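Inspection log for the structure reproduced underneath, given as structure tokens.
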Number of protein chains: 2
Amino acid sequence: MRANREHATRLERSDWIRCAMGVLASEGREAVRVENLAKKLRISKGSFYWHFRDREDLLAAMLEAWESGHVDWNVDEREVHRDPAGRWASLVELLSNVTKSSLDVAIFSWAREDEKVGQRVSEIEKRRSAHLEQVFREIGFTPAQAEEWSQSAMLVYLGWVDRATRDATFREFGPSLAEALSRFVLAASCLAGQEVLRQ
Amino acid sequence: MRANREHATRLERSDWIRCAMGVLASEGREAVRVENLAKKLRISKGSFYWHFRDREDLLAAMLEAWESGHVDWNVDEREVHRDPAGRWASLVELLSNVTKSSLDVAIFSWAREDEKVGQRVSEIEKRRSAHLEQVFREIGFTPAQAEEWSQSAMLVYLGWVDRATRDATFREFGPSLAEALSRFVLAASCLAGQEVLRQ
DNA sequence: TGTCTACCATACGATACCGTATGGATAGAT
DNA sequence: ATCTATCCATACGGTATCGTATGGTAGACA
């Protein structure tokens, strides 16, 4: 976390936030303490309290940073694939990267302990679900099936990052799981019109 | 948490552990502090340090209690259904109860912050997976499919409790989700021999 | 009845963290 | 060259929590 600090480097708000996000992702919310961050940044608390009113101020900024940076899973409009299958594949690719998703897990854990954070995180998740549902519709699922599948896919994603951030050996299965899931969903979408999967 | 304490009630180790487990499930690991527990139990720290060497001692005891009490999802041998479909249904029933699973979530969160806890939790999860895989085999899946489905079901469960413990409105979908999942898996098991689901 | 054991209350020191106060350093403007 | 705004260092007081020390109490038991 910014170890290449010479001597009299001056920091700005974003430096603190970036560092704090890293700590949050790797060590959890309880590890993001001002003196801990200051130590990592090789600077004193004085700097922190210049840029932030208090610790709550930092935490609020972090949540906002996550909200604005991770909605729709960072699916940038520029590099969106035109074909739905490609969008699905790239989404799976993104989500199977544990290090990129570890921040999500930390945020979710935080949301569990703070009511207000929980509400805001839920909002983001609704938007993610909607995004996913749209992709499924474009892949070829019926609206009802798209809804059902997007819900299931969300749960699988949540379960996957939860487990992968706890068990390093489980992480290795990421790519193969991603491929299997991708294959499975694409196959299912071909059968979508035939009502094979529904009772 | 033991509010019905008269006056000179004496506690034992298990009382502290039970109280601590409740706090862990509802407020997270950071809330299980000795003075906090003492307050809830309406007793002083002196009692705690009589029964436990230190806080670590309590945490270790809690982990052990979880291990011995929640392996195989508390599927008690006595009340096991004989038919596999019934076992599957009762398992789904159990897992869709969020309050019962909230302890799991807290333990998982703890596991993410502590390497050693993570390893032990992973062991339990392996046994749970094996149990699930067995159920799927008995339902009618081929061994390969049983393995694949048990993995997926584990992820769905993890994702479900993760989300349900954060979003109260999501909790309401528990029963319907459980029913849908149950229906879906049973339907899929009927097609298992036909290799319809695999590409 | 006196004593002993098991259990608890209370006071204490140590540590970690928060936020404030106050002064120092540095870079750019004038 | 000086001034000013910006940013940082350090010392401090306050609070929460840990674990210890030391003494108190209640019931079992001789």
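By order in the structure tokens, chains are A, B, ...; within a chain, residues start at 1; ligands start at 1, following the order shown.
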Open item on the list: What's around DA30 (chain D) at 12 Å? Count only C-alpha atoms (C1' of nucleotides), leave out sequence neighbours fewer than 2 positions away in its own chain, and write the answer as an MDAnalysis selection string.
Closed with: (chainID C and resid 1:4) or (chainID D and resid 28)
Print the selection's residues with N, CA and C atoms (P, O5', C5', C4', C3', O3' and C1' of nucleotides) to a file, as a CSV table (one decimal), in the first residue's frame.
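again34.csv written:
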chain,number,residue,atom,x,y,z
C,1,DT,P,-24.2,-22.8,65.1
C,1,DT,O5',-23.0,-22.6,66.1
C,1,DT,C5',-22.5,-23.8,66.7
C,1,DT,C4',-21.0,-24.1,66.3
C,1,DT,C3',-20.4,-22.9,65.5
C,1,DT,O3',-19.0,-22.9,65.9
C,1,DT,C1',-20.4,-24.9,64.2
C,2,DG,P,-18.3,-21.5,65.8
C,2,DG,O5',-17.0,-21.9,64.8
C,2,DG,C5',-16.2,-23.0,65.3
C,2,DG,C4',-15.5,-23.6,64.1
C,2,DG,C3',-14.8,-22.7,63.2
C,2,DG,O3',-13.5,-23.3,62.9
C,2,DG,C1',-16.3,-24.0,61.9
C,3,DT,P,-12.3,-22.5,62.2
C,3,DT,O5',-12.2,-23.4,60.9
C,3,DT,C5',-12.3,-24.8,60.9
C,3,DT,C4',-12.4,-25.3,59.5
C,3,DT,C3',-11.6,-24.5,58.4
C,3,DT,O3',-11.1,-25.4,57.5
C,3,DT,C1',-13.8,-24.7,57.7
C,4,DC,P,-9.8,-25.0,56.7
C,4,DC,O5',-10.0,-25.9,55.4
C,4,DC,C5',-10.9,-27.0,55.4
C,4,DC,C4',-11.6,-27.0,54.1
C,4,DC,C3',-10.8,-26.4,52.9
C,4,DC,O3',-10.9,-27.2,51.8
C,4,DC,C1',-13.0,-25.4,53.0
D,28,DA,P,-25.4,-27.5,49.5
D,28,DA,O5',-24.1,-28.4,49.7
D,28,DA,C5',-23.1,-28.5,48.7
D,28,DA,C4',-21.8,-29.1,49.3
D,28,DA,C3',-22.0,-30.4,50.2
D,28,DA,O3',-20.9,-31.3,49.9
D,28,DA,C1',-21.0,-28.8,51.5
- [ ] Name all residues at most 10 Å from Leu158 (chain B) (count only C-alpha atoms (C1' of nucleotides); drop same-chain ones fewer than 3 positions away) and give them as an MDAnalysis selection string.
- [x] (chainID A and resid 155:163) or (chainID B and resid 95 101 104:105 108 152:155 161:164)
Quick one: contact table of region 47-149 of chain A to region 4-11 of chain D, 10 Å max, nearest atom pair and distance in Å to one decimal per residue, counting only C-alpha atoms (C1' of nucleotides), chain and number order, as a Markdown table?
| residue | atom | partner | partner_atom | distance |
| --- | --- | --- | --- | --- |
| A:Ser47 | CA | D:DC8 | C1' | 5.6 |
| A:Phe48 | CA | D:DC8 | C1' | 9.3 |
| A:Trp50 | CA | D:DC7 | C1' | 7.5 |
| A:His51 | CA | D:DC7 | C1' | 9.2 |
Go through chain B residue by residue and, counting only C-alpha atoms (C1' of nucleotides), keep those with an atom at most 12 Å from chain D; for each kept residue give the shortest atom pair and its distance in Å to one decimal, ordered by chain and increasing number, as CSV.
residue,atom,partner,partner_atom,distance
B:Ala8,CA,D:DA26,C1',9.0
B:Thr9,CA,D:DA26,C1',10.9
B:Arg10,CA,D:DA26,C1',10.6
B:Glu30,CA,D:DT17,C1',11.8
B:Ala31,CA,D:DT17,C1',11.7
B:Val32,CA,D:DT17,C1',11.5
B:Arg33,CA,D:DT17,C1',8.0
B:Val34,CA,D:DT17,C1',8.5
B:Glu35,CA,D:DT17,C1',7.8
B:Asn36,CA,D:DT17,C1',9.8
B:Lys45,CA,D:DG19,C1',10.1
B:Gly46,CA,D:DT20,C1',10.3
B:Phe48,CA,D:DG19,C1',11.0
B:Tyr49,CA,D:DG19,C1',8.4
B:Trp50,CA,D:DG19,C1',11.7
B:Phe52,CA,D:DG19,C1',11.3
B:Arg53,CA,D:DG19,C1',9.4
B:Asp54,CA,D:DG19,C1',7.5
B:Arg55,CA,D:DC18,C1',8.7
B:Glu56,CA,D:DC18,C1',11.3
Residues from last step as file, N, CA and C atoms, as a compact mmCIF listing (two decimals), in the first residue's frame:
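Final file, selection13.txt:
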# COMPACT_ATOMS: atom_id res chain seq x y z
N ALA B 8 -28.43 -14.69 43.36
CA ALA B 8 -27.12 -15.33 43.45
C ALA B 8 -27.05 -16.59 42.60
N THR B 9 -27.37 -16.44 41.32
CA THR B 9 -27.27 -17.59 40.44
C THR B 9 -25.82 -17.79 40.04
N ARG B 10 -25.38 -18.99 40.10
CA ARG B 10 -24.01 -19.26 39.69
C ARG B 10 -24.01 -19.85 38.30
N GLU B 30 -17.05 -9.28 16.80
CA GLU B 30 -16.50 -8.15 17.53
C GLU B 30 -17.33 -7.79 18.75
N ALA B 31 -18.55 -8.27 18.78
CA ALA B 31 -19.42 -7.95 19.92
C ALA B 31 -19.23 -8.94 21.06
N VAL B 32 -18.55 -10.03 20.82
CA VAL B 32 -18.34 -10.98 21.91
C VAL B 32 -17.10 -10.57 22.70
N ARG B 33 -17.34 -9.70 23.64
CA ARG B 33 -16.32 -9.20 24.56
C ARG B 33 -16.74 -9.58 25.96
N VAL B 34 -15.78 -9.80 26.79
CA VAL B 34 -16.11 -10.36 28.10
C VAL B 34 -16.99 -9.42 28.92
N GLU B 35 -16.68 -8.14 28.90
CA GLU B 35 -17.49 -7.23 29.70
C GLU B 35 -18.91 -7.09 29.15
N ASN B 36 -19.02 -7.20 27.83
CA ASN B 36 -20.33 -7.15 27.18
C ASN B 36 -21.17 -8.37 27.59
N LYS B 45 -17.06 -9.71 35.55
CA LYS B 45 -15.97 -10.36 34.84
C LYS B 45 -15.30 -11.44 35.65
N GLY B 46 -15.35 -11.24 36.97
CA GLY B 46 -14.70 -12.22 37.86
C GLY B 46 -15.13 -13.63 37.54
N PHE B 48 -16.22 -14.72 34.65
CA PHE B 48 -15.64 -15.13 33.37
C PHE B 48 -14.24 -15.69 33.55
N TYR B 49 -13.41 -14.93 34.23
CA TYR B 49 -12.01 -15.35 34.35
C TYR B 49 -11.83 -16.51 35.31
N TRP B 50 -12.89 -16.87 35.97
CA TRP B 50 -12.84 -18.11 36.73
C TRP B 50 -13.02 -19.29 35.78
N PHE B 52 -12.77 -19.21 32.35
CA PHE B 52 -11.93 -19.18 31.14
C PHE B 52 -10.58 -18.56 31.43
N ARG B 53 -9.57 -19.08 30.75
CA ARG B 53 -8.24 -18.54 30.93
C ARG B 53 -8.20 -17.10 30.41
N ASP B 54 -8.73 -16.90 29.23
CA ASP B 54 -8.81 -15.56 28.65
C ASP B 54 -9.85 -15.58 27.54
N ARG B 55 -9.92 -14.51 26.79
CA ARG B 55 -10.94 -14.41 25.74
C ARG B 55 -10.70 -15.46 24.65
N GLU B 56 -9.46 -15.70 24.33
CA GLU B 56 -9.13 -16.71 23.33
C GLU B 56 -9.69 -18.07 23.72
- [ ] Would you list, as a ChimeraX atom specification, the residues of chain B that end up in helix (DSSP H, G or I) under DSSP run on this structure's backbone?
- [x] /B:13-27,29-31,34-41,45-51,55-74,84-95,98-113,115-139,143-164,168-171,174-194
- [ ] Find the spatial neighbours of Ala146 (chain B), counting only C-alpha atoms (C1' of nucleotides), within a cut-off of 12 Å - ignore same-chain residues fewer than 5 positions away - and output them as a PyMOL selection string.
- [x] chain B and resi 129-141+151-154+185+188-189+192-193
Report the closest atom pair, with its distance in Å rounded to one decimal, for each residue of chain C that has an atom no farther than 9 Å from chain A; count only C-alpha atoms (C1' of nucleotides), sort by chain and then rising residue number, and write it as CSV.
residue,atom,partner,partner_atom,distance
C:DC17,C1',A:Glu35,CA,7.8
C:DC18,C1',A:Arg55,CA,8.6
C:DG19,C1',A:Asp54,CA,7.5
Open item on the list: One decimal, in Å: what's the spacing between CA of Asp167 (chain B) and CA of Lys126 (chain A)?
Closed with: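 Between CA of Asp167 (chain B) and CA of Lys126 (chain A) the gap works out to 11.1 Å.
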Considering only C-alpha atoms (C1' of nucleotides), return as a compact mmCIF listing (two decimals) with N, CA and C atoms, in the first residue's frame whatever protein or nucleic-acid residues lie within 12 Å of Glu179 (chain A), sequence-local ones (same chain, fewer than 3 positions apart) excluded.
# COMPACT_ATOMS: atom_id res chain seq x y z
N TRP A 88 -22.27 -12.22 -21.13
CA TRP A 88 -22.39 -13.21 -20.06
C TRP A 88 -21.03 -13.80 -19.73
N ALA A 89 -20.31 -14.15 -20.77
CA ALA A 89 -18.99 -14.77 -20.57
C ALA A 89 -18.03 -13.83 -19.85
N SER A 90 -18.05 -12.56 -20.25
CA SER A 90 -17.12 -11.63 -19.63
C SER A 90 -17.51 -11.35 -18.19
N LEU A 91 -18.82 -11.42 -17.94
CA LEU A 91 -19.30 -11.22 -16.57
C LEU A 91 -18.82 -12.38 -15.69
N VAL A 92 -18.99 -13.57 -16.20
CA VAL A 92 -18.54 -14.74 -15.46
C VAL A 92 -17.03 -14.66 -15.23
N GLU A 93 -16.34 -14.25 -16.26
CA GLU A 93 -14.89 -14.09 -16.16
C GLU A 93 -14.53 -13.14 -15.02
N LEU A 95 -16.40 -12.21 -12.46
CA LEU A 95 -16.84 -12.63 -11.14
C LEU A 95 -16.05 -13.81 -10.59
N SER A 96 -15.38 -14.52 -11.48
CA SER A 96 -14.61 -15.66 -11.00
C SER A 96 -13.24 -15.23 -10.48
N PHE A 173 -10.64 -23.69 -8.14
CA PHE A 173 -11.75 -24.21 -8.94
C PHE A 173 -12.49 -23.09 -9.67
N GLY A 174 -12.11 -21.87 -9.40
CA GLY A 174 -12.77 -20.72 -10.00
C GLY A 174 -12.98 -20.83 -11.50
N PRO A 175 -11.91 -20.91 -12.25
CA PRO A 175 -12.04 -20.97 -13.71
C PRO A 175 -12.92 -22.13 -14.19
N SER A 176 -12.68 -23.29 -13.63
CA SER A 176 -13.46 -24.45 -14.10
C SER A 176 -14.94 -24.29 -13.74
N SER A 182 -21.02 -21.28 -17.15
CA SER A 182 -21.26 -20.61 -18.41
C SER A 182 -21.85 -21.58 -19.43
N ARG A 183 -21.23 -22.73 -19.53
CA ARG A 183 -21.70 -23.75 -20.46
C ARG A 183 -23.12 -24.15 -20.12
N PHE A 184 -23.34 -24.36 -18.82
CA PHE A 184 -24.64 -24.82 -18.37
C PHE A 184 -25.75 -23.82 -18.71
N VAL A 185 -25.48 -22.58 -18.41
CA VAL A 185 -26.50 -21.57 -18.66
C VAL A 185 -26.78 -21.40 -20.15
N LEU A 186 -25.74 -21.43 -20.94
CA LEU A 186 -25.94 -21.29 -22.38
C LEU A 186 -26.73 -22.47 -22.92
TODO: For Ala106 (chain A), list every protein, DNA or RNA residue within 12 Å, evaluated using only C-alpha atoms (C1' of nucleotides), and leave out those in the same chain fewer than 4 positions away; present the list as a PyMOL selection string.
DONE: (chain A and resi 20-32+62-63+66+99-102+110-113+117+121+158+161-162+165-166) or (chain B and resi 108-110+112-113+162)
Task: Selected residue, from B:Glu172, B:Ile107, B:Trp16, B:Glu67, that lies nearest to chain A when counting only C-alpha atoms - done: B:Ile107
Open item on the list: What's the separation between CA of Arg171 (chain A) and CA of Val98 (chain A), in Å to one decimal place?
Closed with: 7.2 Å
TODO: Compare A:Asp83, A:Asp114, A:Glu64, A:Asp57 by their minimum atom-to-atom distance to chain B, counting only C-alpha atoms, and give me the closest one.
DONE: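 Counting only C-alpha atoms, the residue closest to chain B is A:Asp114.
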